[in-house]
$ cat coords_17.tsv   # TSV, C-alpha atoms and all ligand atoms
chain	number	residue	atom	x	y	z
A	1	MET	CA	-32.12	-25.22	0.08
A	2	ARG	CA	-33.08	-21.66	-0.48
A	3	GLY	CA	-34.60	-20.72	-3.84
A	4	TRP	CA	-34.99	-17.28	-5.27
A	5	ARG	CA	-38.75	-17.70	-4.90
A	6	LEU	CA	-38.48	-18.13	-1.18
A	7	ILE	CA	-36.25	-15.22	-0.48
A	8	GLY	CA	-36.84	-12.92	-3.45
A	9	ALA	CA	-34.25	-10.71	-5.03
A	10	ALA	CA	-35.53	-7.61	-3.31
A	11	ALA	CA	-35.35	-9.26	0.06
A	12	LEU	CA	-31.84	-10.50	-0.69
A	13	LEU	CA	-30.74	-7.01	-1.63
A	14	ALA	CA	-32.41	-5.42	1.35
A	15	ALA	CA	-30.81	-7.94	3.64
A	16	THR	CA	-27.48	-7.38	1.96
A	17	VAL	CA	-27.31	-3.64	1.68
A	18	GLY	CA	-29.59	-2.81	4.56
A	19	ILE	CA	-28.40	-1.18	7.70
A	20	VAL	CA	-29.13	-3.98	10.14
A	21	LEU	CA	-25.59	-5.03	10.84
A	22	VAL	CA	-25.43	-7.65	13.51
A	23	PRO	CA	-21.99	-9.19	13.56
A	24	ALA	CA	-21.79	-12.97	13.40
A	25	ALA	CA	-19.47	-14.86	15.70
A	26	ALA	CA	-16.05	-14.79	14.08
A	27	GLY	CA	-14.24	-18.00	13.33
A	28	ARG	CA	-10.59	-18.43	14.04
A	29	GLY	CA	-8.29	-16.36	11.83
A	30	GLY	CA	-11.17	-14.91	9.85
A	31	ARG	CA	-12.39	-18.39	8.79
A	32	HIS	CA	-16.10	-19.01	8.90
A	33	ARG	CA	-18.27	-22.00	8.02
A	34	ASP	CA	-21.66	-22.00	6.39
A	35	PRO	CA	-24.08	-24.96	6.50
A	36	ALA	CA	-25.39	-26.84	3.47
A	37	ASP	CA	-28.29	-24.43	3.06
A	38	ALA	CA	-28.50	-23.84	-0.69
A	39	ALA	CA	-28.83	-25.99	-3.79
A	40	GLY	CA	-26.48	-25.80	-6.76
A	41	PRO	CA	-22.70	-25.78	-6.94
A	42	LEU	CA	-22.32	-22.35	-5.30
A	43	ASP	CA	-23.64	-23.38	-1.92
A	44	ILE	CA	-20.99	-21.67	0.20
A	45	ARG	CA	-19.39	-23.95	2.79
A	46	ALA	CA	-16.48	-21.93	4.15
A	47	MET	CA	-15.39	-18.36	3.62
A	48	GLY	CA	-13.40	-15.50	5.04
A	49	VAL	CA	-12.07	-11.99	4.62
A	50	ASP	CA	-8.85	-11.01	6.29
A	51	GLN	CA	-5.89	-8.67	6.13
A	52	ALA	CA	-2.40	-9.51	4.89
A	53	ILE	CA	-0.42	-6.32	5.61
A	54	ARG	CA	-1.53	-3.96	2.82
A	55	ASP	CA	-3.73	-6.54	1.14
A	56	ILE	CA	-7.19	-7.96	1.65
A	57	ARG	CA	-7.56	-11.71	1.23
A	58	LEU	CA	-10.80	-13.38	0.20
A	59	HIS	CA	-11.31	-17.11	0.33
A	60	VAL	CA	-14.37	-19.22	-0.41
A	61	ARG	CA	-15.08	-22.94	-0.63
A	62	THR	CA	-18.27	-24.15	-2.28
A	63	ARG	CA	-20.10	-27.45	-2.31
A	64	GLY	CA	-19.79	-28.00	-6.07
A	65	GLY	CA	-17.23	-27.12	-8.70
A	66	PHE	CA	-17.35	-24.05	-10.90
A	67	GLY	CA	-15.23	-22.35	-13.55
A	68	LEU	CA	-14.34	-18.66	-13.44
A	69	GLU	CA	-15.62	-18.24	-17.00
A	70	GLN	CA	-19.06	-19.28	-15.71
A	71	LEU	CA	-19.23	-16.31	-13.34
A	72	ASP	CA	-20.36	-12.76	-14.04
A	73	ARG	CA	-18.20	-10.21	-12.28
A	74	ARG	CA	-20.79	-7.48	-12.79
A	75	PRO	CA	-24.01	-9.25	-11.87
A	76	ASP	CA	-27.34	-7.52	-11.58
A	77	LEU	CA	-28.57	-9.02	-8.36
A	78	ALA	CA	-32.06	-7.63	-8.86
A	79	LYS	CA	-32.58	-9.42	-12.19
A	80	GLN	CA	-31.77	-12.97	-11.04
A	81	THR	CA	-30.24	-13.74	-14.42
A	82	ASP	CA	-26.64	-14.17	-13.52
A	83	ARG	CA	-24.25	-16.62	-12.00
A	84	PHE	CA	-22.07	-14.91	-9.48
A	85	LEU	CA	-19.87	-15.32	-6.45
A	86	CYS	CA	-19.35	-12.00	-4.67
A	87	VAL	CA	-18.50	-10.48	-1.33
A	88	HIS	CA	-20.11	-7.35	0.03
A	89	ILE	CA	-18.02	-5.16	2.31
A	90	HIS	CA	-19.58	-2.42	4.38
A	91	ARG	CA	-17.71	0.15	6.42
A	92	ALA	CA	-19.12	0.39	9.95
A	93	GLY	CA	-21.11	3.57	10.37
A	94	ALA	CA	-21.07	4.48	6.68
A	95	ALA	CA	-23.64	4.15	3.90
A	96	GLY	CA	-23.22	2.06	0.77
A	97	VAL	CA	-21.61	-1.29	0.06
A	98	ARG	CA	-18.54	-2.34	-1.89
A	99	GLN	CA	-19.18	-5.41	-4.04
A	100	LEU	CA	-16.32	-7.61	-5.25
A	101	CYS	CA	-17.09	-10.45	-7.64
A	102	PHE	CA	-15.01	-13.25	-9.10
A	103	GLY	CA	-14.96	-13.68	-12.85
A	104	PRO	CA	-12.79	-14.73	-15.79
A	105	LYS	CA	-9.37	-13.25	-16.53
A	106	HIS	CA	-9.32	-9.95	-18.40
A	107	GLY	CA	-6.55	-9.42	-20.93
A	108	GLY	CA	-4.77	-12.46	-19.51
A	109	LYS	CA	-4.71	-10.96	-16.00
A	110	ASP	CA	-6.55	-11.87	-12.82
A	111	VAL	CA	-9.16	-9.26	-11.95
A	112	LEU	CA	-12.14	-8.82	-9.67
A	113	GLY	CA	-15.25	-6.87	-10.54
A	114	TYR	CA	-15.54	-3.98	-8.09
A	115	ALA	CA	-18.82	-2.12	-7.82
A	116	ARG	CA	-19.97	0.50	-5.38
A	117	LEU	CA	-23.63	-0.01	-4.58
A	118	ARG	CA	-26.19	2.53	-3.55
A	119	GLY	CA	-28.44	1.96	-0.56
A	120	ASN	CA	-31.06	0.32	-2.84
A	121	GLY	CA	-28.49	-2.11	-4.25
A	122	SER	CA	-28.13	-0.49	-7.68
A	123	ILE	CA	-24.63	-0.06	-9.10
A	124	LYS	CA	-23.19	3.43	-8.61
A	125	SER	CA	-19.79	2.76	-10.18
A	126	PHE	CA	-17.96	-0.24	-11.60
A	127	GLU	CA	-14.35	-1.07	-12.40
A	128	ARG	CA	-12.07	-4.08	-12.65
A	129	ILE	CA	-9.29	-4.23	-10.09
A	130	ARG	CA	-6.09	-6.25	-10.28
A	131	ALA	CA	-5.93	-9.21	-7.93
A	132	ARG	CA	-4.00	-12.41	-7.47
A	133	VAL	CA	-6.46	-15.27	-7.81
A	134	LYS	CA	-5.60	-18.80	-6.71
A	135	ARG	CA	-7.57	-21.98	-7.05
A	136	HIS	CA	-6.83	-25.11	-5.07
A	137	GLY	CA	-9.33	-27.20	-7.03
A	138	PRO	CA	-12.69	-26.52	-8.69
A	139	ARG	CA	-14.53	-25.89	-5.42
A	140	SER	CA	-12.32	-23.27	-3.85
A	141	ILE	CA	-11.03	-19.85	-4.76
A	142	ALA	CA	-8.91	-17.23	-3.05
A	143	ALA	CA	-8.00	-13.70	-4.11
A	144	ARG	CA	-5.68	-11.05	-2.80
A	145	PHE	CA	-5.68	-7.35	-3.68
A	146	ARG	CA	-4.49	-4.02	-2.26
A	147	ALA	CA	-6.92	-2.60	0.30
A	148	SER	CA	-6.30	0.84	-1.19
A	149	ALA	CA	-7.56	-0.41	-4.59
A	150	ILE	CA	-11.08	-0.24	-3.21
A	151	GLY	CA	-10.41	2.69	-0.89
A	152	LEU	CA	-10.37	0.78	2.40
A	153	THR	CA	-8.67	2.66	5.22
A	154	PRO	CA	-8.09	1.32	8.73
A	155	HIS	CA	-11.51	0.81	10.30
A	156	VAL	CA	-14.06	-1.85	11.28
A	157	TYR	CA	-15.80	-3.47	8.30
A	158	PHE	CA	-18.62	-5.98	7.91
A	159	TRP	CA	-18.69	-8.55	5.15
A	160	ARG	CA	-20.88	-11.24	3.64
A	161	TYR	CA	-20.59	-13.52	0.62
A	162	LEU	CA	-23.37	-13.96	-1.91
A	163	SER	CA	-23.76	-16.50	-4.66
A	164	GLY	CA	-26.28	-17.14	-7.40
A	165	TRP	CA	-26.54	-19.95	-9.94
A	166	ARG	CA	-28.95	-20.27	-12.84
A	167	GLY	CA	-29.48	-23.50	-14.75
A	168	PRO	CA	-29.10	-27.15	-13.78
A	169	PRO	CA	-29.18	-28.47	-11.17
A	170	CYS	CA	-31.17	-25.46	-9.95
A	171	ARG	CA	-34.83	-25.11	-10.83
A	172	ARG	CA	-36.32	-22.37	-12.97
A	173	ARG	CA	-35.80	-19.69	-10.34
A	174	GLY	CA	-32.17	-20.58	-9.73
A	175	CYS	CA	-30.29	-21.03	-6.46
A	176	SER	CA	-28.69	-18.53	-4.16
A	177	ASP	CA	-26.77	-18.45	-0.93
A	178	ARG	CA	-25.64	-15.93	1.61
A	179	ALA	CA	-22.86	-16.60	4.03
A	180	PRO	CA	-23.02	-15.93	6.91
A	181	SER	CA	-26.68	-16.75	6.39
A	182	ARG	CA	-28.31	-14.29	8.74
A	183	ARG	CA	-25.73	-11.85	9.92
A	184	TRP	CA	-22.65	-10.03	8.71
A	185	ALA	CA	-19.19	-11.04	9.78
A	186	LYS	CA	-16.76	-8.43	11.00
A	187	PHE	CA	-13.12	-7.68	10.41
A	188	HIS	CA	-10.86	-4.92	11.60
A	189	LEU	CA	-8.52	-3.44	9.00
A	190	ARG	CA	-5.45	-2.43	10.99
A	191	PRO	CA	-3.06	0.37	10.08
A	192	VAL	CA	0.21	-0.59	8.40
A	193	GLN	CA	3.35	1.37	7.63
A	194	PRO	CA	6.84	0.79	6.21
A	195	VAL	CA	8.93	-0.95	8.87
A	196	GLY	CA	12.06	-1.67	6.88
A	197	CYS	CA	13.54	-2.28	3.46
A	198	THR	CA	15.99	-4.54	1.69
A	199	ASP	CA	19.54	-3.34	1.08
A	200	GLY	CA	21.30	-3.75	-2.25
A	201	PRO	CA	24.78	-3.10	-3.65
A	202	SER	CA	27.02	-0.80	-1.64
A	203	PRO	CA	28.29	1.86	-2.03
A	204	VAL	CA	26.05	3.50	-4.61
A	205	PHE	CA	26.42	6.93	-6.18
A	206	HIS	CA	23.39	6.70	-8.45
A	207	GLY	CA	20.70	4.30	-9.63
A	208	PRO	CA	20.23	2.64	-13.04
A	209	ARG	CA	20.85	5.11	-15.89
A	210	HIS	CA	18.21	3.62	-18.18
A	211	HIS	CA	15.16	4.72	-16.15
A	212	LYS	CA	14.03	8.33	-15.92
A	213	ARG	CA	13.98	8.22	-12.16
A	214	VAL	CA	15.66	10.56	-9.71
A	215	ALA	CA	16.03	10.37	-5.92
A	216	LEU	CA	16.02	13.69	-4.07
A	217	THR	CA	17.68	13.28	-0.67
A	218	PHE	CA	17.78	15.66	2.30
A	219	ASP	CA	20.47	15.38	4.97
A	220	ASP	CA	21.10	16.66	8.50
A	221	GLY	CA	17.50	16.64	9.73
A	222	PRO	CA	15.12	16.13	11.31
A	223	SER	CA	14.78	19.83	12.03
A	224	GLY	CA	12.16	22.54	12.24
A	225	TYR	CA	12.42	22.85	8.43
A	226	THR	CA	11.45	19.24	7.73
A	227	PRO	CA	7.66	19.87	7.66
A	228	ARG	CA	8.15	22.57	5.01
A	229	PHE	CA	9.90	20.04	2.77
A	230	LEU	CA	7.19	17.45	3.40
A	231	LYS	CA	4.48	19.94	2.54
A	232	ILE	CA	6.04	20.70	-0.84
A	233	LEU	CA	6.62	17.01	-1.60
A	234	LYS	CA	3.01	16.22	-0.77
A	235	ARG	CA	1.66	19.07	-2.88
A	236	GLU	CA	3.84	17.99	-5.82
A	237	HIS	CA	3.16	14.25	-5.35
A	238	ALA	CA	6.91	13.58	-5.17
A	239	LYS	CA	8.76	11.25	-2.81
A	240	ALA	CA	12.18	11.77	-1.24
A	241	THR	CA	14.63	10.28	1.25
A	242	PHE	CA	15.69	11.99	4.48
A	243	PHE	CA	19.06	11.02	6.01
A	244	GLU	CA	18.67	11.85	9.66
A	245	ILE	CA	21.15	12.57	12.45
A	246	GLY	CA	20.39	10.30	15.42
A	247	ALA	CA	21.02	12.93	18.09
A	248	GLN	CA	18.33	15.17	16.58
A	249	VAL	CA	15.62	12.53	16.29
A	250	PRO	CA	14.19	12.64	19.85
A	251	GLY	CA	13.80	16.44	19.71
A	252	TYR	CA	11.96	16.26	16.37
A	253	ALA	CA	10.34	12.84	16.71
A	254	SER	CA	7.02	14.00	15.26
A	255	ASN	CA	8.80	15.42	12.20
A	256	ALA	CA	10.62	12.13	11.71
A	257	ARG	CA	7.32	10.31	12.09
A	258	ALA	CA	5.73	12.62	9.51
A	259	VAL	CA	8.43	11.63	6.98
A	260	ILE	CA	7.29	7.98	7.13
A	261	ASP	CA	3.58	8.77	7.40
A	262	SER	CA	3.73	10.82	4.21
A	263	GLY	CA	5.26	7.96	2.21
A	264	ASN	CA	8.82	9.27	2.21
A	265	GLU	CA	11.85	7.35	3.41
A	266	ILE	CA	14.36	7.75	6.23
A	267	GLY	CA	18.05	6.82	6.09
A	268	ASN	CA	20.80	6.89	8.71
A	269	HIS	CA	23.24	9.85	8.78
A	270	SER	CA	25.17	8.87	11.95
A	271	MET	CA	24.57	9.87	15.54
A	272	HIS	CA	26.45	13.20	15.68
A	273	HIS	CA	27.42	13.82	12.06
A	274	GLU	CA	30.91	12.53	12.75
A	275	THR	CA	33.21	11.64	9.86
A	276	ARG	CA	33.36	7.88	9.23
A	277	PRO	CA	31.20	6.87	12.19
A	278	GLY	CA	31.59	3.51	13.87
A	279	SER	CA	29.08	0.75	14.10
A	280	ALA	CA	27.83	1.90	17.53
A	281	SER	CA	26.91	5.33	16.16
A	282	MET	CA	25.05	3.78	13.24
A	283	ARG	CA	23.23	1.31	15.47
A	284	GLN	CA	22.21	3.95	17.99
A	285	THR	CA	20.89	6.15	15.19
A	286	ASN	CA	18.81	3.30	13.76
A	287	ARG	CA	17.44	2.59	17.22
A	288	ARG	CA	16.36	6.20	17.66
A	289	ILE	CA	14.76	6.35	14.25
A	290	GLU	CA	12.93	3.09	14.88
A	291	ARG	CA	11.74	4.24	18.29
A	292	ALA	CA	10.36	7.47	16.82
A	293	THR	CA	8.86	6.06	13.62
A	294	GLY	CA	8.62	2.26	13.71
A	295	PHE	CA	10.85	2.20	10.62
A	296	GLU	CA	14.31	0.62	10.53
A	297	PRO	CA	16.57	2.26	7.89
A	298	CYS	CA	18.41	0.22	5.27
A	299	LEU	CA	20.33	3.17	3.83
A	300	PHE	CA	23.38	4.87	5.30
A	301	ARG	CA	24.59	8.27	4.11
A	302	PRO	CA	28.17	8.96	5.28
A	303	PRO	CA	28.60	12.51	6.65
A	304	GLY	CA	30.60	14.58	4.18
A	305	GLY	CA	30.43	11.70	1.73
A	306	SER	CA	33.52	10.27	3.40
A	307	PHE	CA	33.75	6.50	3.73
A	308	ASP	CA	36.13	3.57	3.53
A	309	SER	CA	35.72	-0.20	3.41
A	310	ARG	CA	35.26	-0.36	7.20
A	311	VAL	CA	32.34	2.11	7.08
A	312	ILE	CA	30.72	0.15	4.25
A	313	SER	CA	31.05	-3.14	6.09
A	314	ASP	CA	29.81	-1.68	9.41
A	315	ALA	CA	26.74	-0.30	7.62
A	316	ARG	CA	26.28	-3.61	5.81
A	317	GLY	CA	26.44	-5.41	9.16
A	318	LEU	CA	23.39	-3.41	10.22
A	319	GLY	CA	21.55	-4.19	6.98
A	320	MET	CA	22.32	-0.83	5.36
A	321	ALA	CA	23.68	0.05	1.94
A	322	THR	CA	26.00	3.09	1.83
A	323	VAL	CA	24.38	5.73	-0.37
A	324	VAL	CA	26.40	8.66	-1.67
A	325	TRP	CA	25.27	10.98	-4.53
A	326	ASP	CA	26.13	12.19	-8.01
A	327	VAL	CA	24.46	15.63	-7.87
A	328	ASP	CA	25.49	18.14	-5.20
A	329	PRO	CA	24.28	21.76	-5.46
A	330	GLN	CA	26.12	22.63	-2.21
A	331	ASP	CA	22.94	24.13	-0.81
A	332	TRP	CA	24.53	24.03	2.68
A	333	SER	CA	26.71	27.00	1.59
A	334	THR	CA	23.52	29.04	0.89
A	335	PRO	CA	24.44	30.10	-2.67
A	336	GLY	CA	20.87	31.37	-3.32
A	337	ALA	CA	17.73	29.52	-4.41
A	338	GLY	CA	18.46	30.24	-8.09
A	339	ALA	CA	21.93	28.67	-7.89
A	340	ILE	CA	20.60	25.61	-6.03
A	341	TYR	CA	17.92	25.18	-8.68
A	342	SER	CA	20.19	25.53	-11.70
A	343	ARG	CA	22.96	23.34	-10.24
A	344	VAL	CA	20.48	20.53	-9.60
A	345	VAL	CA	18.65	20.61	-12.91
A	346	SER	CA	21.80	21.01	-15.02
A	347	ALA	CA	23.57	18.01	-13.41
A	348	THR	CA	20.66	15.59	-13.03
A	349	ARG	CA	20.60	12.54	-15.32
A	350	PRO	CA	18.49	9.37	-15.27
A	351	GLY	CA	19.23	7.51	-12.02
A	352	SER	CA	20.74	10.54	-10.25
A	353	ILE	CA	20.84	10.83	-6.47
A	354	VAL	CA	20.67	14.52	-5.46
A	355	VAL	CA	21.97	15.61	-2.05
A	356	MET	CA	20.37	18.62	-0.38
A	357	HIS	CA	19.74	19.52	3.27
A	358	ASP	CA	16.68	19.96	5.50
A	359	GLY	CA	18.80	20.60	8.61
A	360	GLY	CA	22.13	22.01	9.79
A	361	GLY	CA	21.33	25.71	9.28
A	362	ASN	CA	18.92	28.07	7.59
A	363	ARG	CA	17.39	26.00	4.82
A	364	SER	CA	14.94	28.52	3.38
A	365	GLN	CA	16.89	28.73	0.09
A	366	THR	CA	16.54	25.00	-0.41
A	367	VAL	CA	12.84	25.22	0.47
A	368	ALA	CA	12.45	28.00	-2.10
A	369	ALA	CA	14.29	26.06	-4.82
A	370	LEU	CA	12.48	22.75	-4.33
A	371	PRO	CA	9.18	23.41	-6.17
A	372	ARG	CA	11.02	24.67	-9.27
A	373	ILE	CA	13.40	21.70	-9.16
A	374	ILE	CA	10.45	19.30	-9.06
A	375	HIS	CA	8.57	21.09	-11.86
A	376	THR	CA	11.58	21.18	-14.19
A	377	LEU	CA	12.56	17.54	-13.60
A	378	ARG	CA	8.94	16.46	-14.08
A	379	GLY	CA	8.78	18.47	-17.27
A	380	ARG	CA	11.77	16.46	-18.50
A	381	GLY	CA	9.93	13.22	-17.79
A	382	TYR	CA	11.54	12.25	-14.49
A	383	HIS	CA	9.81	10.38	-11.69
A	384	LEU	CA	10.86	11.51	-8.22
A	385	VAL	CA	11.23	8.43	-6.03
A	386	THR	CA	12.79	7.24	-2.79
A	387	VAL	CA	16.30	5.80	-2.90
A	388	THR	CA	14.92	2.33	-2.14
A	389	LYS	CA	12.66	2.57	-5.17
A	390	LEU	CA	15.42	4.04	-7.34
A	391	LEU	CA	17.64	1.06	-6.53
A	392	HIS	CA	14.83	-1.45	-7.10
A	393	GLU	CA	14.96	-2.55	-3.48
A	394	ARG	CA	11.83	-3.40	-1.56
A	395	THR	CA	10.05	-1.59	1.22
A	396	ILE	CA	8.86	-3.96	3.95
A	397	TRP	CA	5.47	-3.22	5.46
A	398	GLY	CA	4.12	-4.24	8.83
A	399	GLU	CA	1.39	-3.42	11.32
A	400	VAL	CA	1.70	-0.23	13.32
A	401	HIS	CA	2.44	-0.99	16.97
A	501	ZN	ZN	25.39	15.76	6.49
$ encode --input "coords_17.tsv" --output "structure tokens" --more "lines below"
Ligand code: ZN
Amino acid sequence: MRGWRLIGAAALLAATVGIVLVPAAAGRGGRHRDPADAAGPLDIRAMGVDQAIRDIRLHVRTRGGFGLEQLDRRPDLAKQTDRFLCVHIHRAGAAGVRQLCFGPKHGGKDVLGYARLRGNGSIKSFERIRARVKRHGPRSIAARFRASAIGLTPHVYFWRYLSGWRGPPCRRRGCSDRAPSRRWAKFHLRPVQPVGCTDGPSPVFHGPRHHKRVALTFDDGPSGYTPRFLKILKREHAKATFFEIGAQVPGYASNARAVIDSGNEIGNHSMHHETRPGSASMRQTNRRIERATGFEPCLFRPPGGSFDSRVISDARGLGMATVVWDVDPQDWSTPGAGAIYSRVVSATRPGSIVVMHDGGGNRSQTVAALPRIIHTLRGRGYHLVTVTKLLHERTIWGEVH
């Protein structure tokens, strides 16, 4: 048993937020055990923090039962007045602590209280973050949330759970527990990236017409122009899809890589831009893209827009939907940036797929037209998304190897 009187709130905070970070021995798979060392229902018996692709998972088992509505998700640890069950996460080599606390649903949704703490333990900022909370009985709780929701980037982190309980069966000063009791546990948040996607109906010329979403697509890269497109997309917070020619990928591998790293998507545009390519050309292209980027395409763009049932089924056999377009400004014929701009914005409707080019020639007109295209479409209420998102398919994430 460890009462508040013995440890003191100040000591608890100092020990929690302080800079003495000695990692505890890690249990298997991020699971740790804590002895029966506190009174009250929130004596922590087992706990862990681990990574599930883009998410962080928390899990805790306590000695007694508790209800979420009994917990305060924004406790004041210094005042000893609250009941709480929280985890503190500390980035190695950085100041400050992130505090996540369980609590009741908010507006019918599962949330965690997320506070950033100053070095002295006081709350610097507070918000509720969305989480999926699961309970396998009154004595255990697990939660899962996006690492980015609390700004965690790949790095080494230290963590520790804290609990406090006022009222029976605890005495006047209440009960508290820390787990691990003396040290912090460690976990390594590993980098993840898109590694694939799910394919939908095939062929497609556009997405659903009832959403104000548009997919800008760029064919015939990767090329020396690709970074200029990525720079504009990043500045404008827009996403796009790049249909790449396999033969060009090794020579511009870092540009292909940059497409994925910046949150854009890559599709397959055959090995040598041949009309109605065979399965071997498609497969070889996917292999090159995957080797360069770690991402396996699920979209195939037929060169020249030419396809037949054999092309569709060959692409399907490799897990790819055939994606054509419904807006074509013919930017490859270099009609001038003004013509490219006006052709795109006059033809675009909800769900449109726009074909342009980041390779295959001098693409400076397309580069010049792109910011105006994005501004005008935005002004009309469109979201600029990848083809996978436009078609309501899913991006699959995995660890970077
Ligand atoms: Zn092409």
$ closest_residue --input "coords_17.tsv" --among "A:Met356, A:Leu390, A:Ile289, A:Ala131" --to "Arg343 in chain A" --atoms "only C-alpha atoms"
A:Met356
$ closest_atom_pairs --input "coords_17.tsv" --of "chain A" --to "ligand ZN 501 (chain A)" --cutoff "10 Å" --atoms "only C-alpha atoms and all ligand atoms" --output "Markdown table"
| residue | atom | partner | partner_atom | distance |
| --- | --- | --- | --- | --- |
| A:Phe218 | CA | A:ZN501 | ZN | 8.7 |
| A:Asp219 | CA | A:ZN501 | ZN | 5.2 |
| A:Asp220 | CA | A:ZN501 | ZN | 4.8 |
| A:Gly221 | CA | A:ZN501 | ZN | 8.6 |
| A:Phe243 | CA | A:ZN501 | ZN | 7.9 |
| A:Glu244 | CA | A:ZN501 | ZN | 8.4 |
| A:Ile245 | CA | A:ZN501 | ZN | 8.0 |
| A:His269 | CA | A:ZN501 | ZN | 6.7 |
| A:Ser270 | CA | A:ZN501 | ZN | 8.8 |
| A:His272 | CA | A:ZN501 | ZN | 9.6 |
| A:His273 | CA | A:ZN501 | ZN | 6.2 |
| A:Glu274 | CA | A:ZN501 | ZN | 8.9 |
| A:Thr275 | CA | A:ZN501 | ZN | 9.5 |
| A:Arg301 | CA | A:ZN501 | ZN | 7.9 |
| A:Pro302 | CA | A:ZN501 | ZN | 7.4 |
| A:Pro303 | CA | A:ZN501 | ZN | 4.6 |
| A:Gly304 | CA | A:ZN501 | ZN | 5.8 |
| A:Gly305 | CA | A:ZN501 | ZN | 8.0 |
| A:Trp332 | CA | A:ZN501 | ZN | 9.1 |
| A:Val355 | CA | A:ZN501 | ZN | 9.2 |
| A:Met356 | CA | A:ZN501 | ZN | 9.0 |
| A:His357 | CA | A:ZN501 | ZN | 7.5 |
| A:Asp358 | CA | A:ZN501 | ZN | 9.7 |
| A:Gly359 | CA | A:ZN501 | ZN | 8.4 |
| A:Gly360 | CA | A:ZN501 | ZN | 7.8 |
$ write_last_selection --input "coords_17.tsv" --atoms "C-alpha atoms" --output "short mmCIF file (atom, residue, chain, number, x, y, z; two decimals), in the coordinates of the input"
data_model
loop_
_atom_site.label_atom_id
_atom_site.label_comp_id
_atom_site.auth_asym_id
_atom_site.auth_seq_id
_atom_site.Cartn_x
_atom_site.Cartn_y
_atom_site.Cartn_z
CA PHE A 218 17.78 15.66 2.30
CA ASP A 219 20.47 15.38 4.97
CA ASP A 220 21.10 16.66 8.50
CA GLY A 221 17.50 16.64 9.73
CA PHE A 243 19.06 11.02 6.01
CA GLU A 244 18.67 11.85 9.66
CA ILE A 245 21.15 12.57 12.45
CA HIS A 269 23.24 9.85 8.78
CA SER A 270 25.17 8.87 11.95
CA HIS A 272 26.45 13.20 15.68
CA HIS A 273 27.42 13.82 12.06
CA GLU A 274 30.91 12.53 12.75
CA THR A 275 33.21 11.64 9.86
CA ARG A 301 24.59 8.27 4.11
CA PRO A 302 28.17 8.96 5.28
CA PRO A 303 28.60 12.51 6.65
CA GLY A 304 30.60 14.58 4.18
CA GLY A 305 30.43 11.70 1.73
CA TRP A 332 24.53 24.03 2.68
CA VAL A 355 21.97 15.61 -2.05
CA MET A 356 20.37 18.62 -0.38
CA HIS A 357 19.74 19.52 3.27
CA ASP A 358 16.68 19.96 5.50
CA GLY A 359 18.80 20.60 8.61
CA GLY A 360 22.13 22.01 9.79
#
$ residues_around --input "coords_17.tsv" --residues "Gly103 in chain A" --least-positions-apart "5" --cutoff "7 Å" --atoms "all atoms listed in the file" --output "VMD selection string"
chain A and resid 68 to 69 71 to 73 112
$ atom_distance --input "coords_17.tsv" --atom1 "CA of Arg171 in chain A" --atom2 "CA of Ala46 in chain A"
23.9 Å
$ closest_residue --input "coords_17.tsv" --among "A:Leu100, A:Gln193, A:Gly40, A:Ile232" --to "Pro168 in chain A" --atoms "only C-alpha atoms"
A:Gly40
$ residues_around --input "coords_17.tsv" --residues "Leu216 in chain A" --least-positions-apart "2" --cutoff "9 Å" --atoms "all atoms listed in the file" --output "ChimeraX atom specification"
/A:214,218,239-242,352-356,384-387
$ residues_around --input "coords_17.tsv" --residues "Glu290 in chain A" --least-positions-apart "6" --cutoff "9 Å" --atoms "all atoms listed in the file" --output "list in words"
Val195, Glu296 and Pro297 of chain A
$ axis_aligned_box --input "coords_17.tsv" --around "range 228-245 of chain A" --padding-each-side "6 Å" --output "JSON"
{"center_x": 11.4, "center_y": 16.4, "center_z": 3.3, "size_x": 31.5, "size_y": 24.3, "size_z": 30.3}
$ atom_distance --input "coords_17.tsv" --atom1 "CA of Val344 in chain A" --atom2 "CA of Arg372 in chain A"
10.3 Å
$ atom_distance --input "coords_17.tsv" --atom1 "CA of Asp37 in chain A" --atom2 "CA of Asp76 in chain A"
22.4 Å
$ closest_residue --input "coords_17.tsv" --among "A:Tyr252, A:Trp165, A:Tyr225, A:Phe307" --to "Ala368 in chain A" --atoms "all atoms listed in the file"
A:Tyr225
$ closest_residue --input "coords_17.tsv" --among "A:Leu299, A:Leu152, A:Leu230, A:Met271" --to "Ile312 in chain A" --atoms "all atoms listed in the file"
A:Leu299
$ closest_residue --input "coords_17.tsv" --among "A:Asn264, A:Thr322, A:Thr217, A:His211" --to "Thr395 in chain A" --atoms "all atoms listed in the file"
A:Asn264
$ residues_around --input "coords_17.tsv" --residues "Gly196 in chain A" --least-positions-apart "6" --cutoff "12 Å" --atoms "only C-alpha atoms" --output "PyMOL selection string"
chain A and resi 260+265-267+286+289-290+293-299+318-320+388+393-399
$ residues_around --input "coords_17.tsv" --residues "Ile141 in chain A" --least-positions-apart "2" --cutoff "10 Å" --atoms "all atoms listed in the file" --output "list in words"
Met47, Leu58, His59, Val60, Arg61, Thr62, Phe66, Leu68, Phe102, Val133, Lys134, Arg135, His136, Gly137, Pro138, Arg139 and Ala143 of chain A
$ closest_atom_pairs --input "coords_17.tsv" --of "range 35-55 of chain A" --to "range 153-158 of chain A" --cutoff "12 Å" --atoms "all atoms listed in the file" --output "Markdown table"
| residue | atom | partner | partner_atom | distance |
| --- | --- | --- | --- | --- |
| A:Gly48 | CA | A:Phe158 | CA | 11.2 |
| A:Val49 | CA | A:Phe158 | CA | 9.5 |
| A:Asp50 | CA | A:Tyr157 | CA | 10.4 |
| A:Gln51 | CA | A:Pro154 | CA | 10.6 |
| A:Ile53 | CA | A:Pro154 | CA | 11.3 |
| A:Arg54 | CA | A:Thr153 | CA | 10.0 |
| A:Asp55 | CA | A:Thr153 | CA | 11.2 |
